[in-house]
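Dropping structure-v8.cif in here (mmCIF, C-alpha atoms):
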data_structure
#
loop_
_atom_site.group_PDB
_atom_site.id
_atom_site.type_symbol
_atom_site.label_atom_id
_atom_site.label_comp_id
_atom_site.auth_asym_id
_atom_site.auth_seq_id
_atom_site.Cartn_x
_atom_site.Cartn_y
_atom_site.Cartn_z
ATOM 1 C CA MET A 10 64.214 151.847 113.983
ATOM 2 C CA LYS A 11 60.675 152.156 115.355
ATOM 3 C CA ILE A 12 59.632 154.427 118.197
ATOM 4 C CA LEU A 13 56.136 154.597 119.615
ATOM 5 C CA VAL A 14 55.248 158.135 120.653
ATOM 6 C CA SER A 15 51.723 158.998 121.779
ATOM 7 C CA LEU A 16 50.290 156.137 119.729
ATOM 8 C CA THR A 17 52.128 157.484 116.680
ATOM 9 C CA LEU A 18 54.375 155.145 114.752
ATOM 10 C CA VAL A 19 57.666 156.786 113.881
ATOM 11 C CA PHE A 20 60.289 155.553 111.458
ATOM 12 C CA ILE A 21 63.559 157.456 111.610
ATOM 13 C CA CYS A 22 66.232 157.277 108.950
ATOM 14 C CA THR A 23 69.731 158.278 110.075
ATOM 15 C CA CYS A 24 71.101 156.693 106.928
ATOM 16 C CA SER A 25 74.854 156.403 107.125
ATOM 17 C CA PHE A 26 76.066 153.861 104.603
ATOM 18 C CA ALA A 27 78.781 151.815 103.142
ATOM 19 C CA SER A 28 78.872 151.722 99.379
ATOM 20 C CA SER A 29 77.781 148.584 97.614
ATOM 21 C CA LYS A 30 77.969 147.453 94.020
ATOM 22 C CA ALA A 31 75.075 145.728 92.335
ATOM 23 C CA PRO A 32 73.466 145.765 88.914
ATOM 24 C CA PRO A 33 70.646 148.229 88.320
ATOM 25 C CA PHE A 34 67.161 146.877 88.908
ATOM 26 C CA ASN A 35 65.231 145.309 86.069
ATOM 27 C CA ALA A 36 61.760 146.823 86.209
ATOM 28 C CA SER A 37 60.318 144.115 83.963
ATOM 29 C CA LYS A 38 61.240 141.516 86.573
ATOM 30 C CA ALA A 39 60.121 143.570 89.543
ATOM 31 C CA TYR A 40 56.452 143.627 88.653
ATOM 32 C CA LYS A 41 54.273 142.206 85.925
ATOM 33 C CA ASN A 42 54.422 144.085 82.638
ATOM 34 C CA ASN A 43 50.651 144.189 82.417
ATOM 35 C CA ALA A 44 50.282 145.665 85.902
ATOM 36 C CA SER A 45 49.026 149.219 85.844
ATOM 37 C CA ILE A 46 51.128 152.072 87.160
ATOM 38 C CA ILE A 47 49.792 153.175 90.535
ATOM 39 C CA SER A 48 49.682 156.934 90.968
ATOM 40 C CA VAL A 49 50.198 158.327 94.467
ATOM 41 C CA PRO A 50 49.237 161.993 95.036
ATOM 42 C CA VAL A 51 51.603 163.916 97.294
ATOM 43 C CA ARG A 52 50.574 167.123 99.033
ATOM 44 C CA VAL A 53 53.742 169.060 99.824
ATOM 45 C CA HIS A 54 53.775 171.381 102.823
ATOM 46 C CA LEU A 55 56.792 173.720 102.719
ATOM 47 C CA LEU A 56 57.451 174.810 106.278
ATOM 48 C CA LYS A 57 58.130 178.486 106.805
ATOM 49 C CA SER A 58 59.377 180.394 109.826
ATOM 50 C CA GLU A 59 59.806 184.143 110.240
ATOM 51 C CA ASP A 60 62.213 183.694 113.139
ATOM 52 C CA GLU A 61 64.287 180.578 112.446
ATOM 53 C CA LYS A 62 65.855 180.070 109.022
ATOM 54 C CA ASN A 63 66.770 176.454 109.805
ATOM 55 C CA ILE A 64 63.074 175.600 109.937
ATOM 56 C CA THR A 65 62.165 177.147 106.583
ATOM 57 C CA ALA A 66 62.253 174.725 103.639
ATOM 58 C CA GLN A 67 64.901 175.859 101.197
ATOM 59 C CA ILE A 68 63.948 174.366 97.860
ATOM 60 C CA THR A 69 62.857 175.717 94.477
ATOM 61 C CA GLN A 70 60.065 174.358 92.320
ATOM 62 C CA GLN A 71 62.623 173.004 89.856
ATOM 63 C CA GLU A 72 64.556 171.274 92.626
ATOM 64 C CA LEU A 73 61.346 169.727 93.949
ATOM 65 C CA GLU A 74 60.531 168.401 90.483
ATOM 66 C CA GLU A 75 64.045 166.960 90.132
ATOM 67 C CA VAL A 76 63.768 165.253 93.527
ATOM 68 C CA PHE A 77 60.534 163.541 92.533
ATOM 69 C CA ASN A 78 62.035 162.506 89.199
ATOM 70 C CA VAL A 79 64.670 160.542 91.126
ATOM 71 C CA VAL A 80 62.135 159.218 93.655
ATOM 72 C CA ASN A 81 60.121 157.870 90.730
ATOM 73 C CA LEU A 82 63.251 156.392 89.158
ATOM 74 C CA ILE A 83 63.746 154.367 92.337
ATOM 75 C CA TRP A 84 60.079 153.373 92.644
ATOM 76 C CA LYS A 85 59.685 152.503 88.968
ATOM 77 C CA GLN A 86 60.608 148.930 89.830
ATOM 78 C CA ALA A 87 57.400 148.710 91.879
ATOM 79 C CA GLY A 88 55.196 150.317 89.250
ATOM 80 C CA ILE A 89 54.446 153.208 91.615
ATOM 81 C CA LYS A 90 54.635 156.850 90.607
ATOM 82 C CA TYR A 91 54.424 159.761 93.010
ATOM 83 C CA HIS A 92 53.110 163.062 91.712
ATOM 84 C CA VAL A 93 52.905 166.427 93.457
ATOM 85 C CA GLU A 94 49.208 167.169 93.882
ATOM 86 C CA SER A 95 49.981 170.602 95.335
ATOM 87 C CA ALA A 96 52.781 172.483 97.075
ATOM 88 C CA SER A 97 52.242 175.411 99.417
ATOM 89 C CA TYR A 98 53.891 177.116 102.357
ATOM 90 C CA LEU A 99 52.808 176.171 105.861
ATOM 91 C CA PRO A 100 53.683 178.296 108.916
ATOM 92 C CA ALA A 101 55.684 176.243 111.397
ATOM 93 C CA SER A 102 54.020 175.390 114.704
ATOM 94 C CA ASN A 103 55.586 175.199 118.177
ATOM 95 C CA GLU A 104 58.747 176.851 116.880
ATOM 96 C CA LYS A 105 60.314 177.492 120.284
ATOM 97 C CA GLN A 106 60.091 173.811 121.182
ATOM 98 C CA TYR A 107 61.601 172.804 117.848
ATOM 99 C CA ILE A 108 64.439 175.311 118.164
ATOM 100 C CA GLN A 109 65.161 173.933 121.615
ATOM 101 C CA ALA A 110 65.162 170.394 120.225
ATOM 102 C CA MET A 111 67.692 171.407 117.549
ATOM 103 C CA SER A 112 70.049 173.043 120.036
ATOM 104 C CA LYS A 113 73.388 171.322 120.678
ATOM 105 C CA ASN A 114 72.834 171.862 124.387
ATOM 106 C CA SER A 115 69.235 170.671 124.360
ATOM 107 C CA LYS A 116 68.160 168.890 127.519
ATOM 108 C CA LEU A 117 65.083 167.415 125.885
ATOM 109 C CA SER A 118 64.755 163.646 125.874
ATOM 110 C CA ARG A 119 64.701 161.680 122.643
ATOM 111 C CA ARG A 120 60.952 161.261 122.999
ATOM 112 C CA GLU A 121 60.504 165.016 123.451
ATOM 113 C CA LYS A 122 62.639 165.773 120.407
ATOM 114 C CA THR A 123 60.591 163.348 118.317
ATOM 115 C CA ARG A 124 57.406 164.994 119.538
ATOM 116 C CA ALA A 125 58.820 168.404 118.589
ATOM 117 C CA MET A 126 59.452 167.169 115.030
ATOM 118 C CA ASN A 127 55.901 165.902 114.803
ATOM 119 C CA GLN A 128 54.345 169.089 116.129
ATOM 120 C CA VAL A 129 56.365 171.550 114.037
ATOM 121 C CA CYS A 130 54.325 170.481 111.008
ATOM 122 C CA ASN A 131 50.711 170.864 112.086
ATOM 123 C CA ILE A 132 48.470 170.290 109.056
ATOM 124 C CA SER A 133 44.987 171.633 109.660
ATOM 125 C CA ASN A 134 42.082 169.779 108.073
ATOM 126 C CA GLN A 135 44.460 166.998 107.071
ATOM 127 C CA THR A 136 42.979 164.386 104.771
ATOM 128 C CA THR A 137 44.167 160.851 104.126
ATOM 129 C CA ASP A 138 43.345 160.721 100.410
ATOM 130 C CA VAL A 139 46.769 162.193 99.675
ATOM 131 C CA LEU A 140 50.251 161.453 100.993
ATOM 132 C CA ASN A 141 51.271 164.386 103.191
ATOM 133 C CA LEU A 142 54.912 165.478 102.947
ATOM 134 C CA CYS A 143 56.340 168.209 105.182
ATOM 135 C CA VAL A 144 59.544 169.732 103.843
ATOM 136 C CA ILE A 145 61.671 171.438 106.481
ATOM 137 C CA GLY A 146 65.072 173.102 106.625
ATOM 138 C CA LYS A 147 66.839 170.979 109.236
ATOM 139 C CA THR A 148 65.643 167.991 111.202
ATOM 140 C CA VAL A 149 66.556 167.332 114.819
ATOM 141 C CA ASN A 150 69.953 165.588 115.064
ATOM 142 C CA GLY A 151 70.381 165.861 111.288
ATOM 143 C CA LEU A 152 68.057 162.949 110.571
ATOM 144 C CA GLY A 153 67.599 162.090 106.892
ATOM 145 C CA GLY A 154 63.830 161.876 107.251
ATOM 146 C CA VAL A 155 61.036 160.778 109.560
ATOM 147 C CA TYR A 156 57.721 159.028 109.006
ATOM 148 C CA PHE A 157 54.933 159.570 111.522
ATOM 149 C CA GLY A 158 52.061 157.097 111.375
ATOM 150 C CA GLY A 159 48.781 157.069 113.227
ATOM 151 C CA ARG A 160 45.566 158.902 112.367
ATOM 152 C CA LYS A 161 47.435 161.784 110.722
ATOM 153 C CA PRO A 162 50.329 160.165 108.856
ATOM 154 C CA LYS A 163 53.032 162.313 107.305
ATOM 155 C CA VAL A 164 56.638 162.324 106.228
ATOM 156 C CA ILE A 165 59.071 165.025 107.340
ATOM 157 C CA TRP A 166 62.043 165.478 105.001
ATOM 158 C CA PRO A 167 64.864 168.049 105.263
ATOM 159 C CA THR A 168 66.467 170.236 102.627
ATOM 160 C CA LEU A 169 69.557 170.941 104.731
ATOM 161 C CA ALA A 170 72.154 168.683 106.293
ATOM 162 C CA LYS A 171 73.165 169.056 109.944
ATOM 163 C CA SER A 172 76.122 171.166 108.761
ATOM 164 C CA GLY A 173 73.762 173.564 107.018
ATOM 165 C CA LYS A 174 74.777 172.477 103.526
ATOM 166 C CA ASN A 175 72.164 171.775 100.874
ATOM 167 C CA LEU A 176 71.010 168.166 101.172
ATOM 168 C CA LEU A 177 68.030 167.374 98.920
ATOM 169 C CA ASN A 178 68.548 163.611 99.032
ATOM 170 C CA PRO A 179 65.834 161.869 96.988
ATOM 171 C CA ALA A 180 66.809 158.413 98.276
ATOM 172 C CA THR A 181 66.025 159.251 101.895
ATOM 173 C CA LEU A 182 62.675 160.650 100.789
ATOM 174 C CA ALA A 183 61.993 157.498 98.762
ATOM 175 C CA HIS A 184 62.816 155.464 101.890
ATOM 176 C CA GLU A 185 60.346 157.380 104.070
ATOM 177 C CA LEU A 186 57.653 157.114 101.396
ATOM 178 C CA GLY A 187 58.191 153.375 101.645
ATOM 179 C CA HIS A 188 57.282 153.551 105.336
ATOM 180 C CA TYR A 189 54.138 155.496 104.381
ATOM 181 C CA LEU A 190 53.173 152.557 102.165
ATOM 182 C CA GLY A 191 53.617 150.091 105.009
ATOM 183 C CA LEU A 192 57.225 148.978 104.532
ATOM 184 C CA LYS A 193 59.500 148.343 107.496
ATOM 185 C CA HIS A 194 63.273 148.289 107.750
ATOM 186 C CA ASN A 195 64.713 145.084 106.379
ATOM 187 C CA ALA A 196 67.838 143.015 106.957
ATOM 188 C CA GLU A 197 68.903 142.951 103.316
ATOM 189 C CA ASP A 198 72.136 144.306 101.848
ATOM 190 C CA ASP A 199 72.816 148.032 101.913
ATOM 191 C CA ILE A 200 71.725 148.328 98.285
ATOM 192 C CA TYR A 201 68.095 147.903 99.338
ATOM 193 C CA LEU A 202 66.007 151.026 99.878
ATOM 194 C CA MET A 203 64.429 149.902 103.143
ATOM 195 C CA LYS A 204 67.644 148.832 104.841
ATOM 196 C CA GLY A 205 67.558 150.444 108.283
ATOM 197 C CA ARG A 206 70.540 152.736 108.786
ATOM 198 C CA GLY A 207 71.481 151.966 105.207
ATOM 199 C CA ASN A 208 73.306 153.874 102.520
ATOM 200 C CA ASN A 209 70.714 156.251 101.113
ATOM 201 C CA MET A 210 72.612 159.312 102.342
ATOM 202 C CA ARG A 211 75.637 158.284 100.285
ATOM 203 C CA ARG A 212 73.847 157.050 97.189
ATOM 204 C CA LYS A 213 74.066 160.379 95.339
ATOM 205 C CA GLY A 214 74.442 159.867 91.607
ATOM 206 C CA ARG A 215 73.821 156.106 91.886
ATOM 207 C CA TYR A 216 70.112 156.007 92.606
ATOM 208 C CA GLU A 217 69.417 153.508 89.816
ATOM 209 C CA TYR A 218 71.183 150.821 91.872
ATOM 210 C CA ILE A 219 68.741 150.979 94.777
ATOM 211 C CA LEU A 220 66.486 147.943 95.118
ATOM 212 C CA LEU A 221 63.186 146.861 96.626
ATOM 213 C CA SER A 222 62.540 143.226 97.450
ATOM 214 C CA GLU A 223 59.722 141.364 95.701
ATOM 215 C CA ARG A 224 57.770 141.261 98.952
ATOM 216 C CA GLU A 225 58.217 145.013 99.447
ATOM 217 C CA ILE A 226 56.928 145.635 95.947
ATOM 218 C CA THR A 227 53.861 143.493 96.611
ATOM 219 C CA VAL A 228 53.114 145.148 99.954
ATOM 220 C CA SER A 229 53.664 148.721 98.742
ATOM 221 C CA ARG A 230 51.473 148.246 95.666
ATOM 222 C CA LYS A 231 48.690 146.708 97.757
ATOM 223 C CA ASN A 232 48.772 149.568 100.254
ATOM 224 C CA ALA A 233 49.064 152.264 97.577
ATOM 225 C CA ILE A 234 45.901 150.945 95.955
ATOM 226 C CA LYS A 235 44.146 150.725 99.325
ATOM 227 C CA LEU A 236 45.102 154.243 100.366
ATOM 228 C CA PHE A 237 45.006 156.275 97.179
ATOM 229 C CA ASN A 238 43.076 154.451 94.444
#
What does this structure look like when you write it as structure tokens?
Amino acid sequence: MKILVSLTLVFICTCSFASSKAPPFNASKAYKNNASIISVPVRVHLLKSEDEKNITAQITQQELEEVFNVVNLIWKQAGIKYHVESASYLPASNEKQYIQAMSKNSKLSRREKTRAMNQVCNISNQTTDVLNLCVIGKTVNGLGGVYFGGRKPKVIWPTLAKSGKNLLNPATLAHELGHYLGLKHNAEDDIYLMKGRGNNMRRKGRYEYILLSEREITVSRKNAIKLFN
């Protein structure tokens, strides 16, 4: 789904899925063997709040490394590798608005809730030579992840499910990173990473089955080179 908010392109992944069986991808067929691996630097901003625990990112360094190991397993078929350039805590902004947006009785509109998600992660002196990832506790409405485009692009990814349980779903992060590299939702089978409202939330333990189309591989590699190399 795409929503235009204040000239900012937003891709939201609710990601509820049906399971699907398919053979694992064959990386040798996905991109040319002689194609170089494209390295994408990721600057991780771990949101922190003194007043609201559901905003604070709840993830250890080891867990972060394990998440990116799986993200790279999925993206191996495209010859793209994400690496953490740095990871540091970032004080949450506009906390009251975000808390209101998360409330079950919130009277905020969908547009206002989306704006609250964007504003809670305010990166000062943001540069575009790295991929900016904001890790948060919970997202509004339990969303699996959100990509905000525009002049200050970023991905917001949660560590907690709507229920409060530990989430840490690498597939939803891999999906949002795809949006960062210019990919849109597709109409392919659920096994494909960029399937809108697909099965990434239920792909735990079966990440090697997730696919990218040949066109998506071409587009993502082209944009990764343009943005980060």
Take the PyMOL selection byres ((chain A and resi 130-132) around 9), apply it to the structure above, and return the hits as a VMD selection string. chain A and resid 54 56 99 to 103 126 to 129 133 to 135 141 143 to 145 161 165
For Pro167 (chain A), which of A:Thr65, A:Trp84, A:Asn195, A:Glu74 is the closest residue, counting all atoms listed in the file? A:Thr65
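Counting from CA of Pro50 (chain A), the distance to CA of Thr181 (chain A) is 18.3 Å.
Counting only C-alpha atoms and comparing A:Gly173, A:Glu185, A:Ile47, A:Leu220, the residue that lies closest to Ile200 (chain A) is A:Leu220.
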Of the residues A:Gly153, A:Pro162, A:Gly146, A:Gly214, which is the one nearest to Leu236 (chain A), using all atoms listed in the file?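 Of A:Gly153, A:Pro162, A:Gly146, A:Gly214, the one nearest Leu236 (chain A), counting all atoms listed in the file, is A:Pro162.
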Between CA of Lys122 (chain A) and CA of Gln106 (chain A) - distance in Å to one decimal: 8.5 Å
Kindly provide, as a PyMOL selection string, the polymer residues lying within 12 Å of (51.5, 168.4, 89.2), counting all atoms listed in the file and using the coordinates exactly as they appear in the file. chain A and resi 48-53+70+73-74+77+91-96
What is the CA of Leu55 (chain A) to CA of Phe237 (chain A) distance in Å?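 Rounded to one decimal, the two atoms are 21.8 Å apart.
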What's the 8 Å shell around Pro179 (chain A), counting all atoms listed in the file, without same-chain residues fewer than 3 positions away, as a VMD selection string? chain A and resid 76 to 77 79 to 80 182 to 183
Env of Ile219 (chain A): 7 Å cut, atoms = only C-alpha atoms, seq-sep filter 5 positions within chain, self excluded. Answer as a PyMOL selection string. chain A and resi 83+200-202
Save region 157-171 of chain A from what I just supplied, as a PDB file, in the first residue's frame, atoms limited to all heavy atoms.
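The resulting file, part-v7.pdb, is shown below:
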ATOM      1  N   PHE A 157       9.591   5.395   4.793  1.00  0.00           N
ATOM      2  CA  PHE A 157       9.267   6.781   4.472  1.00  0.00           C
ATOM      3  C   PHE A 157      10.260   7.277   3.425  1.00  0.00           C
ATOM      4  O   PHE A 157      11.473   7.243   3.647  1.00  0.00           O
ATOM      5  CB  PHE A 157       9.359   7.672   5.716  1.00  0.00           C
ATOM      6  CG  PHE A 157       8.269   7.423   6.728  1.00  0.00           C
ATOM      7  CD1 PHE A 157       8.469   6.554   7.785  1.00  0.00           C
ATOM      8  CD2 PHE A 157       7.037   8.053   6.606  1.00  0.00           C
ATOM      9  CE1 PHE A 157       7.466   6.316   8.714  1.00  0.00           C
ATOM     10  CE2 PHE A 157       6.026   7.826   7.530  1.00  0.00           C
ATOM     11  CZ  PHE A 157       6.241   6.952   8.582  1.00  0.00           C
ATOM     12  N   GLY A 158       9.751   7.726   2.298  1.00  0.00           N
ATOM     13  CA  GLY A 158      10.611   8.242   1.239  1.00  0.00           C
ATOM     14  C   GLY A 158      10.782   9.741   1.360  1.00  0.00           C
ATOM     15  O   GLY A 158      10.658  10.310   2.446  1.00  0.00           O
ATOM     16  N   GLY A 159      11.056  10.387   0.254  1.00  0.00           N
ATOM     17  CA  GLY A 159      11.227  11.828   0.265  1.00  0.00           C
ATOM     18  C   GLY A 159      12.683  12.234   0.421  1.00  0.00           C
ATOM     19  O   GLY A 159      13.601  11.463   0.150  1.00  0.00           O
ATOM     20  N   ARG A 160      12.904  13.466   0.893  1.00  0.00           N
ATOM     21  CA  ARG A 160      14.259  13.992   1.012  1.00  0.00           C
ATOM     22  C   ARG A 160      15.039  13.362   2.161  1.00  0.00           C
ATOM     23  O   ARG A 160      16.275  13.389   2.159  1.00  0.00           O
ATOM     24  CB  ARG A 160      14.211  15.523   1.194  1.00  0.00           C
ATOM     25  CG  ARG A 160      13.747  16.284  -0.042  1.00  0.00           C
ATOM     26  CD  ARG A 160      13.654  17.760   0.216  1.00  0.00           C
ATOM     27  NE  ARG A 160      12.651  18.070   1.238  1.00  0.00           N
ATOM     28  CZ  ARG A 160      12.413  19.288   1.699  1.00  0.00           C
ATOM     29  NH1 ARG A 160      13.118  20.314   1.239  1.00  0.00           N
ATOM     30  NH2 ARG A 160      11.488  19.491   2.613  1.00  0.00           N
ATOM     31  N   LYS A 161      14.326  12.833   3.143  1.00  0.00           N
ATOM     32  CA  LYS A 161      14.978  12.176   4.282  1.00  0.00           C
ATOM     33  C   LYS A 161      14.414  10.757   4.443  1.00  0.00           C
ATOM     34  O   LYS A 161      13.669  10.464   5.370  1.00  0.00           O
ATOM     35  CB  LYS A 161      14.763  12.989   5.561  1.00  0.00           C
ATOM     36  CG  LYS A 161      15.444  14.341   5.549  1.00  0.00           C
ATOM     37  CD  LYS A 161      15.275  15.050   6.888  1.00  0.00           C
ATOM     38  CE  LYS A 161      16.028  16.367   6.920  1.00  0.00           C
ATOM     39  NZ  LYS A 161      15.895  17.044   8.238  1.00  0.00           N
ATOM     40  N   PRO A 162      14.803   9.867   3.534  1.00  0.00           N
ATOM     41  CA  PRO A 162      14.252   8.508   3.569  1.00  0.00           C
ATOM     42  C   PRO A 162      14.732   7.711   4.783  1.00  0.00           C
ATOM     43  O   PRO A 162      15.855   7.884   5.252  1.00  0.00           O
ATOM     44  CB  PRO A 162      14.767   7.896   2.265  1.00  0.00           C
ATOM     45  CG  PRO A 162      16.039   8.637   1.995  1.00  0.00           C
ATOM     46  CD  PRO A 162      15.782  10.050   2.450  1.00  0.00           C
ATOM     47  N   LYS A 163      13.866   6.846   5.267  1.00  0.00           N
ATOM     48  CA  LYS A 163      14.226   5.991   6.395  1.00  0.00           C
ATOM     49  C   LYS A 163      13.236   4.842   6.489  1.00  0.00           C
ATOM     50  O   LYS A 163      12.123   4.904   5.970  1.00  0.00           O
ATOM     51  CB  LYS A 163      14.218   6.783   7.699  1.00  0.00           C
ATOM     52  CG  LYS A 163      12.863   7.371   8.069  1.00  0.00           C
ATOM     53  CD  LYS A 163      12.979   8.354   9.227  1.00  0.00           C
ATOM     54  CE  LYS A 163      11.658   9.083   9.457  1.00  0.00           C
ATOM     55  NZ  LYS A 163      11.784  10.183  10.424  1.00  0.00           N
ATOM     56  N   VAL A 164      13.683   3.806   7.166  1.00  0.00           N
ATOM     57  CA  VAL A 164      12.819   2.671   7.473  1.00  0.00           C
ATOM     58  C   VAL A 164      12.612   2.644   8.976  1.00  0.00           C
ATOM     59  O   VAL A 164      13.548   2.846   9.756  1.00  0.00           O
ATOM     60  CB  VAL A 164      13.463   1.340   7.016  1.00  0.00           C
ATOM     61  CG1 VAL A 164      12.739   0.138   7.634  1.00  0.00           C
ATOM     62  CG2 VAL A 164      13.445   1.230   5.497  1.00  0.00           C
ATOM     63  N   ILE A 165      11.366   2.407   9.397  1.00  0.00           N
ATOM     64  CA  ILE A 165      11.065   2.208  10.813  1.00  0.00           C
ATOM     65  C   ILE A 165      10.648   0.752  10.988  1.00  0.00           C
ATOM     66  O   ILE A 165       9.759   0.265  10.285  1.00  0.00           O
ATOM     67  CB  ILE A 165       9.968   3.161  11.304  1.00  0.00           C
ATOM     68  CG1 ILE A 165      10.481   4.611  11.243  1.00  0.00           C
ATOM     69  CG2 ILE A 165       9.538   2.809  12.723  1.00  0.00           C
ATOM     70  CD1 ILE A 165       9.496   5.638  11.759  1.00  0.00           C
ATOM     71  N   TRP A 166      11.303   0.068  11.908  1.00  0.00           N
ATOM     72  CA  TRP A 166      11.100  -1.382  12.087  1.00  0.00           C
ATOM     73  C   TRP A 166      10.984  -1.686  13.574  1.00  0.00           C
ATOM     74  O   TRP A 166      11.809  -1.219  14.369  1.00  0.00           O
ATOM     75  CB  TRP A 166      12.273  -2.117  11.451  1.00  0.00           C
ATOM     76  CG  TRP A 166      12.270  -3.605  11.610  1.00  0.00           C
ATOM     77  CD1 TRP A 166      11.467  -4.506  10.959  1.00  0.00           C
ATOM     78  CD2 TRP A 166      13.125  -4.379  12.455  1.00  0.00           C
ATOM     79  NE1 TRP A 166      11.775  -5.790  11.358  1.00  0.00           N
ATOM     80  CE2 TRP A 166      12.793  -5.732  12.270  1.00  0.00           C
ATOM     81  CE3 TRP A 166      14.153  -4.046  13.346  1.00  0.00           C
ATOM     82  CZ2 TRP A 166      13.437  -6.771  12.953  1.00  0.00           C
ATOM     83  CZ3 TRP A 166      14.788  -5.071  14.038  1.00  0.00           C
ATOM     84  CH2 TRP A 166      14.438  -6.411  13.832  1.00  0.00           C
ATOM     85  N   PRO A 167       9.958  -2.456  13.978  1.00  0.00           N
ATOM     86  CA  PRO A 167       9.721  -2.711  15.399  1.00  0.00           C
ATOM     87  C   PRO A 167      10.395  -3.982  15.932  1.00  0.00           C
ATOM     88  O   PRO A 167      10.628  -4.936  15.197  1.00  0.00           O
ATOM     89  CB  PRO A 167       8.205  -2.872  15.445  1.00  0.00           C
ATOM     90  CG  PRO A 167       7.893  -3.557  14.142  1.00  0.00           C
ATOM     91  CD  PRO A 167       8.867  -2.975  13.134  1.00  0.00           C
ATOM     92  N   THR A 168      10.667  -3.937  17.226  1.00  0.00           N
ATOM     93  CA  THR A 168      11.204  -5.130  17.899  1.00  0.00           C
ATOM     94  C   THR A 168      10.118  -5.878  18.657  1.00  0.00           C
ATOM     95  O   THR A 168      10.328  -7.001  19.103  1.00  0.00           O
ATOM     96  CB  THR A 168      12.315  -4.741  18.894  1.00  0.00           C
ATOM     97  OG1 THR A 168      11.777  -3.874  19.902  1.00  0.00           O
ATOM     98  CG2 THR A 168      13.455  -4.041  18.179  1.00  0.00           C
ATOM     99  N   LEU A 169       8.952  -5.239  18.812  1.00  0.00           N
ATOM    100  CA  LEU A 169       7.859  -5.848  19.564  1.00  0.00           C
ATOM    101  C   LEU A 169       6.604  -5.949  18.707  1.00  0.00           C
ATOM    102  O   LEU A 169       6.311  -5.073  17.901  1.00  0.00           O
ATOM    103  CB  LEU A 169       7.529  -5.013  20.808  1.00  0.00           C
ATOM    104  CG  LEU A 169       8.642  -4.846  21.853  1.00  0.00           C
ATOM    105  CD1 LEU A 169       8.184  -3.878  22.939  1.00  0.00           C
ATOM    106  CD2 LEU A 169       9.024  -6.189  22.456  1.00  0.00           C
ATOM    107  N   ALA A 170       5.863  -7.033  18.909  1.00  0.00           N
ATOM    108  CA  ALA A 170       4.584  -7.195  18.244  1.00  0.00           C
ATOM    109  C   ALA A 170       3.538  -6.349  18.966  1.00  0.00           C
ATOM    110  O   ALA A 170       3.790  -5.806  20.047  1.00  0.00           O
ATOM    111  CB  ALA A 170       4.170  -8.662  18.252  1.00  0.00           C
ATOM    112  N   LYS A 171       2.359  -6.251  18.398  1.00  0.00           N
ATOM    113  CA  LYS A 171       1.280  -5.464  19.003  1.00  0.00           C
ATOM    114  C   LYS A 171       0.956  -5.985  20.393  1.00  0.00           C
ATOM    115  O   LYS A 171       0.598  -5.218  21.286  1.00  0.00           O
ATOM    116  CB  LYS A 171       0.038  -5.520  18.107  1.00  0.00           C
ATOM    117  CG  LYS A 171      -1.063  -4.582  18.515  1.00  0.00           C
ATOM    118  CD  LYS A 171      -2.193  -4.612  17.501  1.00  0.00           C
ATOM    119  CE  LYS A 171      -3.292  -3.620  17.880  1.00  0.00           C
ATOM    120  NZ  LYS A 171      -4.393  -3.618  16.875  1.00  0.00           N
TER     121      LYS A 171
END
